[in-house]
$ cat run39.json   # JSON, C-alpha atoms
[["chain", "number", "residue", "atom", "x", "y", "z"],
["A", 66, "MET", "CA", 38.26, 21.10, 29.95],
["A", 67, "THR", "CA", 35.44, 18.56, 30.13],
["A", 68, "VAL", "CA", 33.48, 18.43, 26.89],
["A", 69, "ARG", "CA", 29.85, 17.60, 27.52],
["A", 70, "ALA", "CA", 27.22, 16.54, 24.98],
["A", 71, "VAL", "CA", 23.57, 15.58, 24.97],
["A", 72, "ALA", "CA", 22.76, 12.49, 22.91],
["A", 73, "LEU", "CA", 19.39, 11.09, 21.94],
["A", 74, "LEU", "CA", 19.09, 7.50, 23.13],
["A", 75, "SER", "CA", 16.30, 5.25, 21.90],
["A", 76, "GLY", "CA", 17.94, 2.11, 23.23],
["A", 77, "GLY", "CA", 18.62, 0.82, 19.73],
["A", 78, "LEU", "CA", 22.00, -0.11, 18.33],
["A", 79, "ASP", "CA", 22.61, 3.11, 16.39],
["A", 80, "SER", "CA", 22.12, 5.46, 19.33],
["A", 81, "MET", "CA", 24.23, 3.23, 21.58],
["A", 82, "LEU", "CA", 27.08, 3.21, 19.08],
["A", 83, "ALA", "CA", 26.94, 7.00, 18.63],
["A", 84, "ILE", "CA", 27.31, 7.50, 22.37],
["A", 85, "ARG", "CA", 30.17, 5.01, 22.67],
["A", 86, "VAL", "CA", 32.02, 6.75, 19.82],
["A", 87, "LEU", "CA", 31.89, 9.99, 21.80],
["A", 88, "GLN", "CA", 32.84, 8.32, 25.08],
["A", 89, "LEU", "CA", 35.95, 6.88, 23.46],
["A", 90, "GLN", "CA", 37.01, 10.46, 22.74],
["A", 91, "GLY", "CA", 36.63, 11.39, 26.40],
["A", 92, "ILE", "CA", 33.36, 13.25, 25.97],
["A", 93, "GLU", "CA", 30.89, 13.26, 28.85],
["A", 94, "VAL", "CA", 27.47, 12.29, 27.54],
["A", 95, "GLU", "CA", 24.01, 12.78, 29.00],
["A", 96, "ALA", "CA", 21.42, 10.63, 27.25],
["A", 97, "LEU", "CA", 17.97, 11.93, 26.44],
["A", 98, "ASN", "CA", 14.97, 9.71, 25.67],
["A", 99, "PHE", "CA", 11.70, 11.09, 24.39],
["A", 100, "GLN", "CA", 8.67, 8.88, 24.97],
["A", 101, "THR", "CA", 5.47, 9.05, 22.96],
["A", 102, "LYS", "CA", 2.32, 6.94, 23.01],
["A", 103, "PHE", "CA", 3.15, 5.77, 19.50],
["A", 104, "ALA", "CA", 6.70, 4.46, 19.96],
["A", 105, "CYS", "CA", 7.54, 0.84, 20.72],
["A", 106, "CYS", "CA", 10.20, -0.76, 22.94],
["A", 107, "GLN", "CA", 10.73, 2.40, 25.00],
["A", 108, "SER", "CA", 11.96, 0.43, 28.02],
["A", 109, "GLN", "CA", 15.17, -0.36, 26.14],
["A", 110, "ALA", "CA", 16.55, 3.12, 26.75],
["A", 111, "ALA", "CA", 17.07, 2.59, 30.49],
["A", 112, "GLN", "CA", 18.88, -0.69, 29.91],
["A", 113, "ALA", "CA", 21.06, 0.87, 27.22],
["A", 114, "ALA", "CA", 21.94, 3.84, 29.45],
["A", 115, "ASP", "CA", 22.97, 1.46, 32.22],
["A", 116, "GLU", "CA", 25.18, -0.53, 29.86],
["A", 117, "LEU", "CA", 26.81, 2.64, 28.55],
["A", 118, "GLY", "CA", 27.22, 4.15, 32.00],
["A", 119, "VAL", "CA", 25.48, 7.41, 31.13],
["A", 120, "ARG", "CA", 22.90, 9.50, 32.91],
["A", 121, "LEU", "CA", 19.48, 9.23, 31.28],
["A", 122, "SER", "CA", 16.80, 11.91, 31.25],
["A", 123, "VAL", "CA", 13.38, 10.82, 30.03],
["A", 124, "LEU", "CA", 10.96, 13.34, 28.57],
["A", 125, "ALA", "CA", 7.32, 12.31, 28.49],
["A", 126, "GLU", "CA", 5.10, 13.30, 25.61],
["A", 127, "ARG", "CA", 3.76, 16.86, 25.83],
["A", 128, "ASP", "CA", 0.45, 18.19, 24.57],
["A", 129, "ASP", "CA", 2.17, 20.27, 21.90],
["A", 130, "TYR", "CA", 3.53, 17.07, 20.35],
["A", 131, "LEU", "CA", 0.03, 16.30, 19.08],
["A", 132, "GLU", "CA", 0.21, 19.46, 16.99],
["A", 133, "VAL", "CA", 3.14, 17.87, 15.15],
["A", 134, "ILE", "CA", 0.83, 15.02, 14.16],
["A", 135, "ARG", "CA", -2.09, 17.28, 13.31],
["A", 136, "ASN", "CA", -0.18, 19.70, 11.07],
["A", 137, "PRO", "CA", 3.25, 18.44, 9.96],
["A", 138, "GLN", "CA", 4.94, 21.08, 7.84],
["A", 139, "HIS", "CA", 6.99, 18.42, 6.06],
["A", 140, "GLY", "CA", 4.17, 15.97, 5.46],
["A", 141, "TYR", "CA", 3.46, 12.35, 6.35],
["A", 142, "GLY", "CA", 5.10, 9.11, 5.34],
["A", 143, "ARG", "CA", 3.21, 5.95, 4.32],
["A", 144, "GLY", "CA", 1.11, 6.05, 7.47],
["A", 145, "ALA", "CA", 0.52, 9.12, 9.64],
["A", 146, "ASN", "CA", 4.19, 9.51, 10.49],
["A", 147, "PRO", "CA", 5.44, 13.13, 10.42],
["A", 148, "CYS", "CA", 9.05, 11.92, 10.71],
["A", 149, "VAL", "CA", 10.89, 15.13, 9.81],
["A", 150, "ASP", "CA", 8.67, 17.30, 12.01],
["A", 151, "CYS", "CA", 8.95, 14.75, 14.83],
["A", 152, "ARG", "CA", 12.75, 14.84, 14.69],
["A", 153, "ILE", "CA", 12.69, 18.63, 14.69],
["A", 154, "PHE", "CA", 10.47, 18.60, 17.76],
["A", 155, "MET", "CA", 12.77, 16.18, 19.61],
["A", 156, "PHE", "CA", 15.93, 18.06, 18.71],
["A", 157, "ARG", "CA", 14.43, 21.32, 19.91],
["A", 158, "LEU", "CA", 13.97, 19.69, 23.30],
["A", 159, "ALA", "CA", 17.52, 18.35, 23.11],
["A", 160, "ALA", "CA", 18.79, 21.84, 22.29],
["A", 161, "GLN", "CA", 17.06, 23.21, 25.37],
["A", 162, "ARG", "CA", 18.59, 20.44, 27.49],
["A", 163, "MET", "CA", 21.98, 21.23, 26.00],
["A", 164, "ARG", "CA", 21.66, 24.84, 27.13],
["A", 165, "ASP", "CA", 20.31, 23.86, 30.55],
["A", 166, "ILE", "CA", 23.29, 21.65, 31.46],
["A", 167, "GLY", "CA", 25.98, 23.64, 29.68],
["A", 168, "ALA", "CA", 26.68, 21.00, 27.04],
["A", 169, "LEU", "CA", 28.47, 22.06, 23.86],
["A", 170, "PHE", "CA", 26.58, 20.05, 21.25],
["A", 171, "VAL", "CA", 23.90, 17.44, 20.59],
["A", 172, "ALA", "CA", 24.53, 14.03, 19.03],
["A", 173, "SER", "CA", 22.32, 11.32, 17.55],
["A", 174, "GLY", "CA", 22.65, 7.89, 15.99],
["A", 175, "GLU", "CA", 21.08, 8.93, 12.68],
["A", 176, "ILE", "CA", 22.62, 7.32, 9.61],
["A", 177, "VAL", "CA", 22.48, 8.82, 6.13],
["A", 178, "GLY", "CA", 19.94, 7.00, 3.99],
["A", 179, "GLN", "CA", 18.80, 4.58, 6.68],
["A", 180, "ARG", "CA", 15.24, 5.91, 6.86],
["A", 181, "PRO", "CA", 13.77, 7.31, 3.64],
["A", 182, "MET", "CA", 11.39, 9.71, 5.38],
["A", 183, "SER", "CA", 13.87, 11.58, 7.60],
["A", 184, "GLN", "CA", 17.49, 10.60, 6.97],
["A", 185, "LYS", "CA", 18.34, 11.73, 3.48],
["A", 186, "LYS", "CA", 21.14, 14.29, 3.55],
["A", 187, "ARG", "CA", 18.72, 17.09, 2.73],
["A", 188, "ASP", "CA", 16.39, 16.03, 5.53],
["A", 189, "LEU", "CA", 19.23, 15.91, 8.05],
["A", 190, "ALA", "CA", 20.22, 19.46, 7.13],
["A", 191, "VAL", "CA", 16.62, 20.68, 7.41],
["A", 192, "ILE", "CA", 16.23, 19.06, 10.82],
["A", 193, "SER", "CA", 19.42, 20.65, 12.16],
["A", 194, "HIS", "CA", 18.39, 24.08, 10.89],
["A", 195, "ARG", "CA", 14.73, 23.97, 11.96],
["A", 196, "ALA", "CA", 15.64, 22.65, 15.42],
["A", 197, "GLY", "CA", 17.88, 25.69, 15.94],
["A", 198, "LEU", "CA", 20.99, 23.55, 16.37],
["A", 199, "MET", "CA", 22.60, 24.38, 13.04],
["A", 200, "ASP", "CA", 26.06, 22.78, 13.15],
["A", 201, "HIS", "CA", 25.82, 21.97, 16.85],
["A", 202, "LEU", "CA", 24.18, 18.67, 15.85],
["A", 203, "LEU", "CA", 26.65, 15.83, 15.29],
["A", 204, "ARG", "CA", 25.85, 12.44, 13.75],
["A", 205, "PRO", "CA", 28.95, 10.40, 14.70],
["A", 206, "LEU", "CA", 28.03, 7.34, 12.62],
["A", 207, "SER", "CA", 27.71, 9.30, 9.34],
["A", 208, "ALA", "CA", 29.78, 12.38, 10.09],
["A", 209, "LYS", "CA", 32.31, 11.74, 7.32],
["A", 210, "LEU", "CA", 29.51, 11.95, 4.75],
["A", 211, "LEU", "CA", 28.29, 15.28, 6.09],
["A", 212, "PRO", "CA", 29.82, 18.76, 6.39],
["A", 213, "PRO", "CA", 32.04, 19.19, 9.48],
["A", 214, "THR", "CA", 30.10, 20.43, 12.49],
["A", 215, "LEU", "CA", 31.24, 23.04, 14.98],
["A", 216, "PRO", "CA", 32.57, 20.51, 17.55],
["A", 217, "GLU", "CA", 34.64, 18.92, 14.78],
["A", 218, "ARG", "CA", 36.00, 22.23, 13.46],
["A", 219, "GLU", "CA", 36.94, 23.40, 16.94],
["A", 220, "GLY", "CA", 38.71, 20.14, 17.76],
["A", 221, "LEU", "CA", 36.28, 19.09, 20.48],
["A", 222, "VAL", "CA", 35.67, 15.91, 18.49],
["A", 223, "LYS", "CA", 38.24, 14.27, 16.21],
["A", 224, "ARG", "CA", 36.60, 13.82, 12.83],
["A", 225, "GLU", "CA", 39.03, 11.08, 11.83],
["A", 226, "ARG", "CA", 37.65, 8.93, 14.64],
["A", 227, "LEU", "CA", 34.08, 9.28, 13.42],
["A", 228, "PHE", "CA", 32.42, 7.14, 10.75],
["A", 229, "GLY", "CA", 30.79, 7.25, 7.31],
["A", 230, "PHE", "CA", 28.03, 4.65, 7.50],
["A", 231, "SER", "CA", 25.08, 4.89, 5.11],
["A", 232, "GLY", "CA", 22.04, 2.86, 4.15],
["A", 233, "ARG", "CA", 19.96, 0.29, 5.97],
["A", 234, "GLY", "CA", 22.48, -2.52, 6.48],
["A", 235, "ARG", "CA", 23.40, -3.61, 10.01],
["A", 236, "LYS", "CA", 26.36, -5.89, 9.33],
["A", 237, "GLU", "CA", 29.02, -3.21, 9.72],
["A", 238, "LEU", "CA", 27.25, -1.69, 12.72],
["A", 239, "ILE", "CA", 27.14, -5.06, 14.48],
["A", 240, "ALA", "CA", 30.85, -5.55, 13.73],
["A", 241, "LEU", "CA", 31.58, -2.15, 15.30],
["A", 242, "ALA", "CA", 29.50, -3.05, 18.35],
["A", 243, "LYS", "CA", 31.55, -6.21, 18.83],
["A", 244, "GLN", "CA", 34.73, -4.20, 18.40],
["A", 245, "PHE", "CA", 33.51, -1.89, 21.16],
["A", 246, "GLY", "CA", 32.88, -4.88, 23.40],
["A", 247, "PHE", "CA", 29.08, -4.72, 23.46],
["A", 248, "THR", "CA", 27.78, -7.93, 25.05],
["A", 249, "ARG", "CA", 24.22, -7.30, 23.84],
["A", 250, "ILE", "CA", 23.23, -6.38, 20.31],
["A", 251, "PRO", "CA", 19.74, -4.84, 20.36],
["A", 252, "GLN", "CA", 17.34, -6.22, 17.77],
["A", 253, "PRO", "CA", 15.76, -3.75, 15.36],
["A", 254, "SER", "CA", 12.78, -2.06, 16.99],
["A", 255, "THR", "CA", 9.29, -2.44, 15.62],
["A", 256, "GLY", "CA", 9.43, 1.33, 15.54],
["A", 257, "CYS", "CA", 6.64, 3.88, 15.66],
["A", 258, "ALA", "CA", 3.02, 2.86, 15.23],
["A", 259, "LEU", "CA", 2.43, 5.98, 13.12],
["A", 260, "THR", "CA", 4.48, 4.43, 10.31],
["A", 261, "GLU", "CA", 2.05, 1.50, 9.99],
["A", 262, "PRO", "CA", -0.50, 2.14, 7.20],
["A", 263, "GLN", "CA", -3.36, 0.46, 9.09],
["A", 264, "PHE", "CA", -2.79, 2.52, 12.23],
["A", 265, "GLY", "CA", -2.14, 5.59, 10.11],
["A", 266, "ALA", "CA", -5.59, 5.16, 8.53],
["A", 267, "LYS", "CA", -7.13, 5.42, 12.03],
["A", 268, "VAL", "CA", -5.16, 8.60, 12.71],
["A", 269, "HIS", "CA", -6.20, 10.20, 9.43],
["A", 270, "ASP", "CA", -9.83, 9.21, 10.03],
["A", 271, "LEU", "CA", -9.73, 10.77, 13.50],
["A", 272, "LEU", "CA", -8.16, 14.02, 12.33],
["A", 273, "GLY", "CA", -10.46, 14.19, 9.31],
["A", 274, "HIS", "CA", -13.53, 14.06, 11.55],
["A", 275, "ASP", "CA", -12.13, 15.74, 14.67],
["A", 276, "PRO", "CA", -9.17, 18.05, 13.97],
["A", 277, "ALA", "CA", -9.12, 19.14, 17.63],
["A", 278, "ALA", "CA", -8.77, 15.55, 18.92],
["A", 279, "LEU", "CA", -7.11, 15.28, 22.34],
["A", 280, "ALA", "CA", -4.61, 12.81, 23.79],
["A", 281, "TRP", "CA", -7.57, 10.72, 25.03],
["A", 282, "ASP", "CA", -8.77, 10.27, 21.46],
["A", 283, "PHE", "CA", -5.32, 9.18, 20.29],
["A", 284, "ASP", "CA", -5.08, 6.68, 23.16],
["A", 285, "LEU", "CA", -8.28, 5.09, 21.88],
["A", 286, "LEU", "CA", -6.70, 4.45, 18.48],
["A", 287, "LYS", "CA", -4.51, 1.69, 19.95],
["A", 288, "ILE", "CA", -7.51, -0.31, 21.15],
["A", 289, "GLY", "CA", -10.06, -2.48, 19.36],
["A", 290, "ARG", "CA", -11.87, -2.26, 16.04],
["A", 291, "HIS", "CA", -12.85, 1.26, 14.98],
["A", 292, "ILE", "CA", -16.06, 1.36, 12.97],
["A", 293, "ARG", "CA", -17.67, 4.59, 11.84],
["A", 294, "LEU", "CA", -21.42, 5.13, 11.94],
["A", 295, "ASP", "CA", -21.37, 8.59, 10.34],
["A", 296, "ALA", "CA", -19.28, 11.74, 10.16],
["A", 297, "THR", "CA", -19.73, 12.50, 13.87],
["A", 298, "THR", "CA", -19.95, 9.08, 15.50],
["A", 299, "LYS", "CA", -17.80, 5.95, 15.63],
["A", 300, "VAL", "CA", -17.77, 2.77, 17.71],
["A", 301, "ILE", "CA", -14.74, 1.05, 19.18],
["A", 302, "VAL", "CA", -15.27, -2.67, 19.82],
["A", 303, "GLY", "CA", -12.89, -4.61, 22.07],
["A", 304, "ARG", "CA", -11.17, -7.64, 20.52],
["A", 305, "ARG", "CA", -10.22, -9.38, 23.76],
["A", 306, "GLU", "CA", -10.76, -9.03, 27.50],
["A", 307, "GLU", "CA", -7.76, -6.77, 27.99],
["A", 308, "GLU", "CA", -9.12, -4.31, 25.44],
["A", 309, "ASN", "CA", -12.59, -4.45, 26.98],
["A", 310, "GLU", "CA", -11.06, -3.42, 30.30],
["A", 311, "LYS", "CA", -9.12, -0.57, 28.66],
["A", 312, "LEU", "CA", -12.28, 0.74, 27.04],
["A", 313, "VAL", "CA", -13.95, 0.82, 30.45],
["A", 314, "ARG", "CA", -11.00, 2.71, 31.97],
["A", 315, "LEU", "CA", -10.91, 5.24, 29.17],
["A", 316, "PHE", "CA", -14.66, 5.81, 29.42],
["A", 317, "GLU", "CA", -14.31, 6.41, 33.16],
["A", 318, "GLN", "CA", -11.51, 8.91, 32.53],
["A", 319, "ARG", "CA", -13.79, 10.99, 30.34],
["A", 320, "PRO", "CA", -17.47, 10.27, 31.00],
["A", 321, "SER", "CA", -19.45, 12.85, 29.06],
["A", 322, "GLU", "CA", -22.57, 13.36, 27.03],
["A", 323, "ARG", "CA", -20.54, 12.47, 23.94],
["A", 324, "THR", "CA", -19.53, 8.97, 25.00],
["A", 325, "MET", "CA", -21.52, 5.81, 25.70],
["A", 326, "LEU", "CA", -20.21, 2.47, 27.01],
["A", 327, "ILE", "CA", -22.09, -0.74, 26.22],
["A", 328, "SER", "CA", -21.19, -4.03, 27.96],
["A", 329, "PRO", "CA", -22.95, -7.43, 27.58],
["A", 330, "GLU", "CA", -25.21, -8.14, 30.54],
["A", 331, "ASN", "CA", -26.54, -11.69, 30.03],
["A", 332, "PHE", "CA", -24.06, -13.14, 27.52],
["A", 333, "ILE", "CA", -20.32, -13.17, 26.81],
["A", 334, "GLY", "CA", -19.17, -10.69, 24.19],
["A", 335, "PRO", "CA", -17.08, -7.58, 23.53],
["A", 336, "THR", "CA", -17.50, -4.16, 25.12],
["A", 337, "ALA", "CA", -18.20, -1.22, 22.82],
["A", 338, "LEU", "CA", -17.47, 2.47, 23.31],
["A", 339, "VAL", "CA", -19.43, 5.01, 21.28],
["A", 340, "VAL", "CA", -17.72, 8.36, 20.70],
["A", 341, "SER", "CA", -19.38, 11.38, 19.13],
["A", 342, "THR", "CA", -17.64, 14.61, 18.18],
["A", 343, "GLU", "CA", -20.67, 16.90, 18.18],
["A", 344, "THR", "CA", -23.80, 15.55, 19.82],
["A", 345, "GLU", "CA", -24.91, 13.08, 22.43],
["A", 346, "PRO", "CA", -25.03, 9.54, 20.97],
["A", 347, "VAL", "CA", -28.65, 8.77, 20.09],
["A", 348, "ASP", "CA", -30.69, 5.61, 19.63],
["A", 349, "ASP", "CA", -29.20, 4.97, 16.18],
["A", 350, "ALA", "CA", -25.74, 4.78, 17.75],
["A", 351, "LEU", "CA", -26.96, 2.40, 20.45],
["A", 352, "ARG", "CA", -28.58, 0.11, 17.88],
["A", 353, "PHE", "CA", -25.48, 0.22, 15.69],
["A", 354, "ALA", "CA", -23.07, -0.54, 18.56],
["A", 355, "GLY", "CA", -25.34, -3.24, 19.95],
["A", 356, "GLY", "CA", -25.47, -4.95, 16.58],
["A", 357, "LEU", "CA", -21.67, -4.92, 16.40],
["A", 358, "ILE", "CA", -21.41, -6.48, 19.85],
["A", 359, "LEU", "CA", -23.70, -9.31, 18.78],
["A", 360, "ARG", "CA", -21.82, -9.79, 15.52],
["A", 361, "TYR", "CA", -18.43, -10.16, 17.20],
["A", 362, "ALA", "CA", -19.82, -12.19, 20.11],
["A", 363, "GLY", "CA", -20.97, -14.88, 17.67],
["A", 364, "GLY", "CA", -23.52, -17.63, 18.28],
["A", 365, "GLU", "CA", -27.23, -17.39, 19.02],
["A", 366, "LYS", "CA", -28.35, -15.13, 21.87],
["A", 367, "MET", "CA", -31.72, -15.35, 23.58],
["A", 368, "SER", "CA", -33.03, -11.83, 24.30],
["A", 369, "PRO", "CA", -29.50, -10.34, 24.67],
["A", 370, "THR", "CA", -29.26, -7.31, 26.92],
["A", 371, "ALA", "CA", -26.43, -4.96, 27.81],
["A", 372, "VAL", "CA", -25.52, -2.40, 30.45],
["A", 373, "VAL", "CA", -25.42, 1.03, 28.84],
["A", 374, "ARG", "CA", -23.55, 3.82, 30.60],
["A", 375, "ARG", "CA", -23.98, 7.46, 29.66],
["A", 376, "GLY", "CA", -22.03, 9.61, 32.08],
["A", 377, "GLU", "CA", -23.17, 8.52, 35.55],
["A", 378, "THR", "CA", -26.38, 6.93, 34.25],
["A", 379, "ARG", "CA", -26.77, 3.15, 33.80],
["A", 380, "THR", "CA", -29.61, 1.42, 31.99],
["A", 381, "ILE", "CA", -30.30, -2.10, 30.72],
["A", 382, "GLU", "CA", -31.10, -2.22, 27.00],
["A", 383, "ARG", "CA", -32.14, -4.96, 24.60],
["A", 384, "LEU", "CA", -29.69, -5.48, 21.72],
["A", 385, "HIS", "CA", -30.64, -6.25, 18.12],
["A", 386, "PRO", "CA", -28.54, -7.68, 15.27],
["A", 387, "ALA", "CA", -26.93, -5.20, 12.88],
["A", 388, "ALA", "CA", -29.03, -4.59, 9.81],
["A", 389, "THR", "CA", -26.25, -3.32, 7.52],
["A", 390, "GLU", "CA", -22.72, -4.24, 6.60],
["A", 391, "THR", "CA", -19.94, -2.16, 8.13],
["A", 392, "ALA", "CA", -16.29, -1.52, 7.38],
["A", 393, "THR", "CA", -13.56, -1.28, 10.00],
["A", 394, "ILE", "CA", -11.39, 1.82, 9.74]]
$ encode --input "run39.json" --output "structure tokens"
Amino acid sequence: MTVRAVALLSGGLDSMLAIRVLQLQGIEVEALNFQTKFACCQSQAAQAADELGVRLSVLAERDDYLEVIRNPQHGYGRGANPCVDCRIFMFRLAAQRMRDIGALFVASGEIVGQRPMSQKKRDLAVISHRAGLMDHLLRPLSAKLLPPTLPEREGLVKRERLFGFSGRGRKELIALAKQFGFTRIPQPSTGCALTEPQFGAKVHDLLGHDPAALAWDFDLLKIGRHIRLDATTKVIVGRREEENEKLVRLFEQRPSERTMLISPENFIGPTALVVSTETEPVDDALRFAGGLILRYAGGEKMSPTAVVRRGETRTIERLHPAATETATI
């Protein structure tokens, strides 16, 4: 009988090793990669799947994933990272994929104690239970430190050929990869942007002022300087040409009475996007954003003007220096 499993594959070393451990026991593996707007190095998964010779299914972020970030039942880490809830969400999708293809269990490259927010033994048990997988979730790299799972008890997987890795060290994992004949050792990923305190502060600011924020609002968080005018209005200022262009594209995706785009007309400087959660941006917001543009443009400007876009309307406005100090979120 062919034993089939679904394994989460990020493209990192741990998930690659977990899959190879199963392959060496004759288990047919389908890899599953879940992509979010906050994760880094997502292109590695395809390369890793090719090297392992496994089929890869990629799941794009869904709208309900944002609810995980808005209201994590198990809290945040140092940034805005709901790691336990995020893992539960991903494993629920993996469980559904397992049922869809007739696989017998799900596997992952998680290692006991490697990540303090989601890989303590207690956290691993909570994730398995809350994802509805119970003991159908196998962690091949740390299995010997955890209770035997159903595939181990039923002899589908030989427990003696699994491992008992723990902690954050990579030396033993790299040695195992070389033993398995890996020709490429992936470097540690920069991980998820939500774990970064500075980015996390932007997320918390957004949710604190707009709990119903949409994917568009979260996309904005990755661009520019975010500077708040008041409880309902903030300004995003581009830091380089690429970000200026992204601000224009995002404005054009969602032109409304609550957004305003301001671009220098007779001088070189950053683009600014004004976003309001309740009302149409008013003159105070225009003056505030215009002052920020002048500040970050630098140098003396003679009668600086800018193109101001509100929905489909375009006007030319005179800009004035900011009168007050501001703090970037």
$ residues_around --input "run39.json" --residues "Asp282 of chain A" --least-positions-apart "4" --cutoff "10 Å" --atoms "only C-alpha atoms" --output "list in words"
Val268, Leu271, Leu272, Asp275, Ala277, Ala278, Leu286, Lys287, Leu315 and Val340 of chain A
$ residues_near_point --input "run39.json" --point "(-18.1, 14.2, 22.9)" --cutoff "7 Å" --atoms "only C-alpha atoms" --output "ChimeraX atom specification"
/A:321-324,340-345
$ residues_around --input "run39.json" --residues "segment 72-83 of chain A" --least-positions-apart "2" --cutoff "6 Å" --atoms "only C-alpha atoms" --output "PyMOL selection string"
chain A and resi 85-86+96-98+109-110+113+171-174+205+251
$ residues_around --input "run39.json" --residues "Glu377 of chain A" --least-positions-apart "3" --cutoff "12 Å" --atoms "only C-alpha atoms" --output "tab-separated table (two decimals) with C-alpha atoms, keeping the file's coordinate frame"
chain	number	residue	atom	x	y	z
A	316	PHE	CA	-14.66	5.81	29.42
A	317	GLU	CA	-14.31	6.41	33.16
A	319	ARG	CA	-13.79	10.99	30.34
A	320	PRO	CA	-17.47	10.27	31.00
A	321	SER	CA	-19.45	12.85	29.06
A	322	GLU	CA	-22.57	13.36	27.03
A	324	THR	CA	-19.53	8.97	25.00
A	325	MET	CA	-21.52	5.81	25.70
A	326	LEU	CA	-20.21	2.47	27.01
A	373	VAL	CA	-25.42	1.03	28.84
A	374	ARG	CA	-23.55	3.82	30.60
A	380	THR	CA	-29.61	1.42	31.99
$ closest_residue --input "run39.json" --among "A:Pro335, A:Gly220, A:Gly356, A:Gly273" --to "Gly289 of chain A" --atoms "only C-alpha atoms"
A:Pro335
$ atom_distance --input "run39.json" --atom1 "atom CA of Leu198 of chain A" --atom2 "atom CA of Leu89 of chain A"
23.5 Å
$ closest_residue --input "run39.json" --among "A:Met182, A:Ala387, A:Ile381, A:Ala392" --to "Asn331 of chain A" --atoms "all atoms listed in the file"
A:Ile381
$ closest_residue --input "run39.json" --among "A:Asn309, A:Thr67, A:Gln263, A:Thr391" --to "Asp295 of chain A" --atoms "only C-alpha atoms"
A:Thr391
$ residues_around --input "run39.json" --residues "Ala337 of chain A" --least-positions-apart "3" --cutoff "9 Å" --atoms "all atoms listed in the file" --output "MDAnalysis selection string"
chainID A and resid 289 300:303 309 312:313 325:328 354:355 357:358
$ atom_distance --input "run39.json" --atom1 "atom CA of Asn136 of chain A" --atom2 "atom CA of Gly256 of chain A"
21.2 Å
$ residues_around --input "run39.json" --residues "Asp150 of chain A" --least-positions-apart "4" --cutoff "12 Å" --atoms "all atoms listed in the file" --output "mmCIF file with C-alpha atoms, in the frame of the given file"
data_model
loop_
_atom_site.group_PDB
_atom_site.id
_atom_site.type_symbol
_atom_site.label_atom_id
_atom_site.label_comp_id
_atom_site.auth_asym_id
_atom_site.auth_seq_id
_atom_site.Cartn_x
_atom_site.Cartn_y
_atom_site.Cartn_z
ATOM 1 C CA TYR A 130 3.530 17.070 20.350
ATOM 2 C CA LEU A 131 0.030 16.300 19.080
ATOM 3 C CA GLU A 132 0.210 19.460 16.990
ATOM 4 C CA VAL A 133 3.140 17.870 15.150
ATOM 5 C CA ILE A 134 0.830 15.020 14.160
ATOM 6 C CA ARG A 135 -2.090 17.280 13.310
ATOM 7 C CA ASN A 136 -0.180 19.700 11.070
ATOM 8 C CA PRO A 137 3.250 18.440 9.960
ATOM 9 C CA GLN A 138 4.940 21.080 7.840
ATOM 10 C CA HIS A 139 6.990 18.420 6.060
ATOM 11 C CA GLY A 140 4.170 15.970 5.460
ATOM 12 C CA TYR A 141 3.460 12.350 6.350
ATOM 13 C CA GLY A 142 5.100 9.110 5.340
ATOM 14 C CA ALA A 145 0.520 9.120 9.640
ATOM 15 C CA ASN A 146 4.190 9.510 10.490
ATOM 16 C CA PHE A 154 10.470 18.600 17.760
ATOM 17 C CA MET A 155 12.770 16.180 19.610
ATOM 18 C CA PHE A 156 15.930 18.060 18.710
ATOM 19 C CA ARG A 157 14.430 21.320 19.910
ATOM 20 C CA MET A 182 11.390 9.710 5.380
ATOM 21 C CA SER A 183 13.870 11.580 7.600
ATOM 22 C CA ASP A 188 16.390 16.030 5.530
ATOM 23 C CA LEU A 189 19.230 15.910 8.050
ATOM 24 C CA VAL A 191 16.620 20.680 7.410
ATOM 25 C CA ILE A 192 16.230 19.060 10.820
ATOM 26 C CA SER A 193 19.420 20.650 12.160
ATOM 27 C CA HIS A 194 18.390 24.080 10.890
ATOM 28 C CA ARG A 195 14.730 23.970 11.960
ATOM 29 C CA ALA A 196 15.640 22.650 15.420
#
$ closest_residue --input "run39.json" --among "A:Ile250, A:Ala258, A:Ile166, A:Ala350" --to "Arg293 of chain A" --atoms "only C-alpha atoms"
A:Ala350
$ closest_residue --input "run39.json" --among "A:Ile84, A:Arg69, A:Ile153, A:Ile92" --to "Arg204 of chain A" --atoms "all atoms listed in the file"
A:Ile84
$ atom_distance --input "run39.json" --atom1 "atom CA of Ala280 of chain A" --atom2 "atom CA of Val339 of chain A"
16.9 Å
$ closest_residue --input "run39.json" --among "A:Leu210, A:Ala160, A:Ala111, A:Leu117" --to "Phe245 of chain A" --atoms "all atoms listed in the file"
A:Leu117
$ decode --input "run39.json" --residues "segment 99-103 of chain A" --atoms "N, CA and C atoms" --output "compact mmCIF listing (two decimals), in the first residue's frame"
# COMPACT_ATOMS: atom_id res chain seq x y z
N PHE A 99 2.23 27.79 1.82
CA PHE A 99 1.22 28.82 2.06
C PHE A 99 1.89 30.18 1.98
N GLN A 100 1.44 31.03 1.07
CA GLN A 100 2.06 32.32 0.85
C GLN A 100 1.23 33.44 1.46
N THR A 101 1.91 34.33 2.19
CA THR A 101 1.26 35.50 2.74
C THR A 101 2.03 36.74 2.30
N LYS A 102 1.42 37.89 2.43
CA LYS A 102 2.08 39.14 2.06
C LYS A 102 3.17 39.52 3.06
N PHE A 103 3.26 38.79 4.17
CA PHE A 103 4.22 39.15 5.20
C PHE A 103 5.46 38.25 5.21
